[in-house]
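Here's upload_21.tsv, which has TSV, C-alpha atoms (C1' of nucleotides):
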chain	number	residue	atom	x	y	z
X	17	MET	CA	0.00	0.00	0.00
X	18	VAL	CA	1.50	3.32	-1.03
X	19	MET	CA	0.73	6.30	1.15
X	20	GLN	CA	1.71	9.94	0.81
X	21	LEU	CA	3.10	11.19	4.12
X	22	SER	CA	2.38	14.82	4.96
X	23	ALA	CA	4.05	16.51	7.88
X	24	PRO	CA	2.59	15.04	11.08
X	25	LEU	CA	1.15	16.94	14.00
X	26	GLU	CA	3.76	16.82	16.76
X	27	LEU	CA	2.71	16.57	20.39
X	28	ARG	CA	5.44	16.12	23.03
X	29	GLY	CA	7.52	14.22	20.50
X	30	LEU	CA	4.65	12.03	19.34
X	31	SER	CA	3.93	12.17	15.61
X	32	ILE	CA	0.27	12.12	14.62
X	33	TYR	CA	-0.57	11.58	10.97
X	34	LYS	CA	-4.15	12.84	10.71
X	35	GLY	CA	-6.29	11.00	8.17
X	36	LEU	CA	-3.41	8.90	6.84
X	37	ILE	CA	-5.49	5.82	6.14
X	38	PRO	CA	-8.19	6.22	3.46
X	39	ARG	CA	-11.69	4.99	4.15
X	40	ASP	CA	-11.42	1.95	1.87
X	41	ALA	CA	-8.24	0.84	3.60
X	42	GLN	CA	-9.90	1.31	6.98
X	43	GLU	CA	-12.73	-0.95	5.84
X	44	GLU	CA	-10.20	-3.54	4.67
X	45	MET	CA	-8.60	-3.50	8.11
X	46	VAL	CA	-11.93	-3.93	9.87
X	47	GLU	CA	-12.77	-6.89	7.64
X	48	ALA	CA	-9.39	-8.48	8.39
X	49	LEU	CA	-9.99	-7.91	12.10
X	50	ARG	CA	-13.11	-10.05	11.92
X	51	ASP	CA	-10.84	-12.99	11.12
X	52	VAL	CA	-8.59	-12.04	14.02
X	53	THR	CA	-11.42	-11.91	16.57
X	54	ARG	CA	-12.86	-15.16	15.26
X	55	ALA	CA	-9.57	-16.94	16.02
X	56	ALA	CA	-8.79	-14.90	19.13
X	57	PRO	CA	-11.97	-13.54	20.73
X	58	LEU	CA	-11.99	-10.21	22.54
X	59	PHE	CA	-11.68	-10.52	26.32
X	60	SER	CA	-11.79	-8.13	29.27
X	61	PRO	CA	-8.36	-8.21	30.88
X	62	MET	CA	-8.29	-8.47	34.66
X	63	THR	CA	-5.95	-6.00	36.31
X	64	PRO	CA	-3.47	-7.46	38.82
X	65	TYR	CA	-5.48	-5.90	41.64
X	66	GLY	CA	-8.77	-7.49	40.72
X	67	LYS	CA	-10.78	-5.03	38.63
X	68	PRO	CA	-11.38	-5.71	34.94
X	69	MET	CA	-10.42	-3.11	32.37
X	70	SER	CA	-13.31	-1.41	30.54
X	71	VAL	CA	-11.55	-1.92	27.22
X	72	ARG	CA	-11.91	-5.33	25.56
X	73	MET	CA	-8.86	-6.64	23.78
X	74	THR	CA	-7.16	-9.31	21.78
X	75	SER	CA	-3.97	-9.54	19.73
X	76	ALA	CA	-2.44	-10.75	16.50
X	77	GLY	CA	1.15	-11.73	15.83
X	78	ARG	CA	3.63	-13.99	17.59
X	79	PHE	CA	2.93	-12.24	20.91
X	80	GLY	CA	-0.17	-10.81	22.52
X	81	TRP	CA	-0.41	-8.55	25.55
X	82	VAL	CA	-2.27	-10.03	28.51
X	83	SER	CA	-3.09	-8.93	32.04
X	84	ASP	CA	-4.28	-11.02	34.97
X	85	ARG	CA	-3.60	-11.54	38.69
X	86	ARG	CA	-0.01	-12.42	37.82
X	87	GLY	CA	0.59	-9.03	36.21
X	88	TYR	CA	1.17	-7.62	32.74
X	89	ARG	CA	3.16	-9.51	30.14
X	90	TYR	CA	3.37	-10.70	26.58
X	91	SER	CA	2.20	-14.24	25.90
X	92	GLU	CA	2.45	-16.45	22.85
X	93	THR	CA	-1.08	-17.69	23.54
X	94	HIS	CA	-4.57	-16.26	24.01
X	95	PRO	CA	-6.02	-16.75	27.53
X	96	GLU	CA	-8.06	-19.63	26.07
X	97	GLY	CA	-4.83	-21.36	25.04
X	98	GLN	CA	-4.58	-20.95	21.27
X	99	PRO	CA	-1.78	-19.10	19.46
X	100	TRP	CA	-2.61	-15.63	18.15
X	101	PRO	CA	-3.55	-15.27	14.48
X	102	PRO	CA	-1.15	-13.53	12.09
X	103	ILE	CA	-1.12	-9.73	11.78
X	104	PRO	CA	-3.17	-8.84	8.67
X	105	ALA	CA	-1.12	-7.49	5.76
X	106	SER	CA	-3.33	-4.41	5.49
X	107	ILE	CA	-2.38	-3.46	9.05
X	108	LEU	CA	1.33	-4.13	8.57
X	109	GLY	CA	1.15	-1.56	5.77
X	110	ALA	CA	0.49	1.21	8.29
X	111	TRP	CA	3.68	0.26	10.17
X	112	THR	CA	5.91	0.30	7.12
X	113	ALA	CA	4.40	3.62	6.01
X	114	VAL	CA	5.38	5.50	9.17
X	115	ALA	CA	8.27	3.40	10.56
X	116	PRO	CA	10.11	2.03	7.51
X	117	GLU	CA	13.43	1.72	9.36
X	118	ALA	CA	12.05	-0.24	12.30
X	119	ARG	CA	12.01	-4.00	12.79
X	120	MET	CA	8.74	-5.66	11.85
X	121	PRO	CA	6.11	-5.68	14.61
X	122	GLU	CA	5.68	-8.86	16.63
X	123	CYS	CA	2.38	-7.85	18.22
X	124	CYS	CA	-0.72	-6.04	17.08
X	125	LEU	CA	-2.72	-5.30	20.19
X	126	VAL	CA	-6.39	-4.77	19.33
X	127	ASN	CA	-8.25	-2.59	21.83
X	128	PHE	CA	-12.01	-2.18	21.50
X	129	TYR	CA	-13.61	0.79	23.23
X	130	ALA	CA	-17.39	0.76	23.54
X	131	ALA	CA	-19.02	4.05	24.55
X	132	GLY	CA	-17.88	4.69	28.11
X	133	ALA	CA	-14.69	2.64	27.94
X	134	ARG	CA	-11.50	4.39	29.05
X	135	MET	CA	-7.87	3.66	29.59
X	136	GLY	CA	-5.93	5.25	32.39
X	137	LEU	CA	-2.53	6.83	31.96
X	138	HIS	CA	0.15	4.18	31.53
X	139	GLN	CA	3.46	3.46	29.83
X	140	ASP	CA	4.07	0.80	27.20
X	141	ARG	CA	7.09	-0.75	28.88
X	142	ASP	CA	6.67	-4.51	28.68
X	143	GLU	CA	8.77	-4.64	25.50
X	144	ALA	CA	12.50	-5.47	25.47
X	145	ASP	CA	13.75	-2.82	23.04
X	146	PHE	CA	12.60	0.75	23.61
X	147	SER	CA	14.53	1.90	20.53
X	148	GLN	CA	11.68	0.40	18.51
X	149	PRO	CA	8.56	2.56	18.13
X	150	VAL	CA	4.96	1.80	18.95
X	151	VAL	CA	2.54	2.65	16.14
X	152	SER	CA	-1.13	3.29	16.87
X	153	VAL	CA	-4.00	3.18	14.37
X	154	SER	CA	-7.42	4.65	15.22
X	155	LEU	CA	-10.56	3.14	13.68
X	156	GLY	CA	-14.16	4.18	14.39
X	157	ASP	CA	-15.39	6.78	16.84
X	158	ASP	CA	-13.29	9.77	17.93
X	159	ALA	CA	-11.27	9.38	21.11
X	160	LEU	CA	-9.79	11.92	23.50
X	161	TYR	CA	-6.15	10.92	23.90
X	162	ARG	CA	-4.04	12.27	26.73
X	163	VAL	CA	-0.26	12.34	26.93
X	164	GLY	CA	1.86	13.16	29.96
X	165	ASN	CA	5.50	12.65	30.83
X	166	LYS	CA	8.09	9.87	31.24
X	167	THR	CA	7.24	9.66	34.92
X	168	ARG	CA	3.86	9.90	36.63
X	169	GLY	CA	2.53	13.32	37.47
X	170	GLY	CA	3.13	16.71	35.93
X	171	SER	CA	1.18	18.42	33.19
X	172	THR	CA	-0.69	16.61	30.44
X	173	GLU	CA	-2.02	17.55	27.00
X	174	SER	CA	-4.95	16.10	25.08
X	175	VAL	CA	-5.87	15.67	21.45
X	176	TRP	CA	-8.84	14.11	19.66
X	177	LEU	CA	-7.95	11.11	17.51
X	178	SER	CA	-10.18	10.20	14.55
X	179	SER	CA	-10.66	7.15	12.35
X	180	GLY	CA	-7.71	6.77	10.01
X	181	ASP	CA	-5.23	8.66	12.18
X	182	VAL	CA	-1.87	7.00	12.78
X	183	MET	CA	0.40	7.90	15.70
X	184	VAL	CA	4.04	7.01	16.22
X	185	MET	CA	5.43	6.85	19.75
X	186	GLY	CA	9.16	6.66	19.20
X	187	GLY	CA	12.45	8.14	20.26
X	188	GLU	CA	12.10	10.49	23.21
X	189	ALA	CA	8.32	9.95	23.19
X	190	ARG	CA	8.50	6.16	23.41
X	191	LEU	CA	7.93	5.94	27.16
X	192	LEU	CA	5.51	8.82	27.70
X	193	TYR	CA	2.51	8.12	29.89
X	194	HIS	CA	-0.66	8.13	27.81
X	195	GLY	CA	-4.28	7.04	27.93
X	196	ILE	CA	-7.81	7.51	26.59
X	197	ASP	CA	-10.23	9.68	28.59
X	198	ARG	CA	-13.34	9.19	26.54
X	199	ILE	CA	-14.98	8.08	23.32
X	200	LYS	CA	-17.38	10.32	21.43
X	201	PRO	CA	-20.22	8.03	20.31
X	202	GLY	CA	-21.67	8.36	16.82
X	203	THR	CA	-18.73	10.20	15.29
X	204	SER	CA	-17.86	7.49	12.76
X	205	THR	CA	-19.81	5.11	10.52
X	206	LEU	CA	-16.91	2.68	10.13
X	207	LEU	CA	-17.97	0.19	12.78
X	208	ARG	CA	-21.51	-1.14	12.78
X	209	GLY	CA	-22.62	-0.83	16.35
X	210	GLY	CA	-20.23	2.03	16.97
X	211	GLY	CA	-17.25	2.23	19.27
X	212	ARG	CA	-13.57	2.53	18.57
X	213	ILE	CA	-10.83	0.09	17.71
X	214	ASN	CA	-7.25	1.06	18.44
X	215	LEU	CA	-4.48	-1.04	16.97
X	216	THR	CA	-1.04	-0.77	18.54
X	217	LEU	CA	1.80	-2.41	16.70
X	218	ARG	CA	4.94	-3.23	18.67
X	219	VAL	CA	8.24	-5.03	18.54
X	220	VAL	CA	8.27	-7.20	21.67
X	221	THR	CA	11.70	-8.89	21.84
D	16	DA	C1'	-2.55	0.79	38.88
D	17	DA	C1'	-3.48	-0.28	31.47
D	18	DG	C1'	-8.35	1.65	37.87
D	19	DT	C1'	-10.62	4.59	40.68
D	20	DC	C1'	-11.34	8.21	43.53
D	21	DT	C1'	-10.91	12.93	45.56
D	22	DC	C1'	-9.91	17.50	45.39
D	23	DC	C1'	-8.77	21.92	42.79
B	18	DA	C1'	-3.22	16.51	39.44
B	19	DG	C1'	-2.20	13.45	42.81
B	20	DA	C1'	-2.76	9.37	46.11
B	21	DT	C1'	-2.66	4.58	46.15

In C-alpha cells, write the structure found in this file.
Amino acid sequence: MVMQLSAPLELRGLSIYKGLIPRDAQEEMVEALRDVTRAAPLFSPMTPYGKPMSVRMTSAGRFGWVSDRRGYRYSETHPEGQPWPPIPASILGAWTAVAPEARMPECCLVNFYAAGARMGLHQDRDEADFSQPVVSVSLGDDALYRVGNKTRGGSTESVWLSSGDVMVMGGEARLLYHGIDRIKPGTSTLLRGGGRINLTLRVVT
DNA sequence: AAGTCTCC
DNA sequence: AGAT
C-alpha cells in the first residue's frame, strides 16, 4: 500500500498523521480484524489488583499482551490457550508507512472501546527494546487521547484522535505516559454498532 | 494501577 | 493533578 506522508502533528515528541489511512483501507482492516477476533476472541483483561479493564482486547502476531492476577506480560497464547492469528497485511502496511526503518512488529494489540470505555494513563514498557517505536492506528469513533510525561505526574495535554489517524510513539516519546479519557459516540460510521478500535503495533523482543 | 477516587 |  502506497501512502503519501504529509508533515505530522507533533505533540510532546509524538507524531500524529491525521487521516493517513483512506476509508477503503480502513474498511479492509476492519474486515481483516473479523478474522482475528474469530480466532482470538476479545476478552476483558483483569488487572493485577482485581478489577477488569473497561476496554476489551485481543492480539495478533507472535505475541499478545495479557493482564491477569499475575501481572502484565506478553504471551504467545490467548487466555483460552490458542496461538494468536497472524497480523493482517493491510495493518502491517500502516507500520511500514510510518516506521520504515524499524524492525517488523511482533504484536498487534487490538483494543475495542465501547461508549464509556476508558484507559488510564500508563506506559508501554513490557517490551524489550525501547529503541523500537509503537505505532497506533485509530478506527471508528473519535477518542480523547491524553499524553503526559516519562514519569507519573506533571502536566498533560490532550488531542482528539479520529478514524484513520496513525500515531508514532518513538524516540524520546516512546515511554511517555498516555491514555484515553473518553470516546465520542456516533462520530464514525466505520464500525456497525459504533465504538472505537485502536491497533497498537509493537516489537516485543 | 493499562483503575478509581478525591480535590482543585 | 495526585494518592494509592

Tell me which protein, DNA and RNA residues are within 8 Å of X:Pro101, counting all atoms listed in the file, leaving out same-chain ones fewer than 4 positions away, and put them as a PDB file with C-alpha atoms, keeping the file's coordinate frame.
ATOM      1  CA  VAL X  52      -8.590 -12.040  14.020  1.00  0.00           C
ATOM      2  CA  ALA X  55      -9.570 -16.940  16.020  1.00  0.00           C
ATOM      3  CA  ALA X  56      -8.790 -14.900  19.130  1.00  0.00           C
ATOM      4  CA  SER X  75      -3.970  -9.540  19.730  1.00  0.00           C
ATOM      5  CA  ALA X  76      -2.440 -10.750  16.500  1.00  0.00           C
ATOM      6  CA  GLY X  77       1.150 -11.730  15.830  1.00  0.00           C
ATOM      7  CA  ARG X  78       3.630 -13.990  17.590  1.00  0.00           C
TER       8      ARG X  78
END

Identify which of the residues X:Gly169, X:Gly136, X:Pro24, X:Gly29 lies closest to B:DA20, counting only C-alpha atoms (C1' of nucleotides) when measuring atom-to-atom distances.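 Going through X:Gly169, X:Gly136, X:Pro24, X:Gly29 one by one, the smallest distance to B:DA20 is for X:Gly169.
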
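Pairwise distance (atom C1' of D:DA16, atom CA of X:Asn165) equals 16.4 Å.
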
Report as a list in words the set of chain X residues whose atoms approach chain B to within 10 Å, with distances computed over only C-alpha atoms (C1' of nucleotides).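 Applying the cut-off to the listed atoms yields Arg168, Gly169, Gly170, Ser171 and Thr172 of chain X.
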
Based on only C-alpha atoms (C1' of nucleotides), which of the residues in chain D come within 10 Å of chain X? I want them as a PyMOL selection string. chain D and resi 16-19

Two-atom distance - atom C1' of D:DC23, atom CA of X:Lys166 (Å): 23.7 Å

How many Å separate atom CA of X:Gly132 from atom CA of X:Ala159?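 So the answer is 10.7 Å.
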
Compile the contact shell of X:Arg39 as a PyMOL selection string: residues with an atom at most 12 Å away, counting all atoms listed in the file, same-chain residues fewer than 4 positions apart removed. chain X and resi 35+43-46+154-156+178-181+204-207
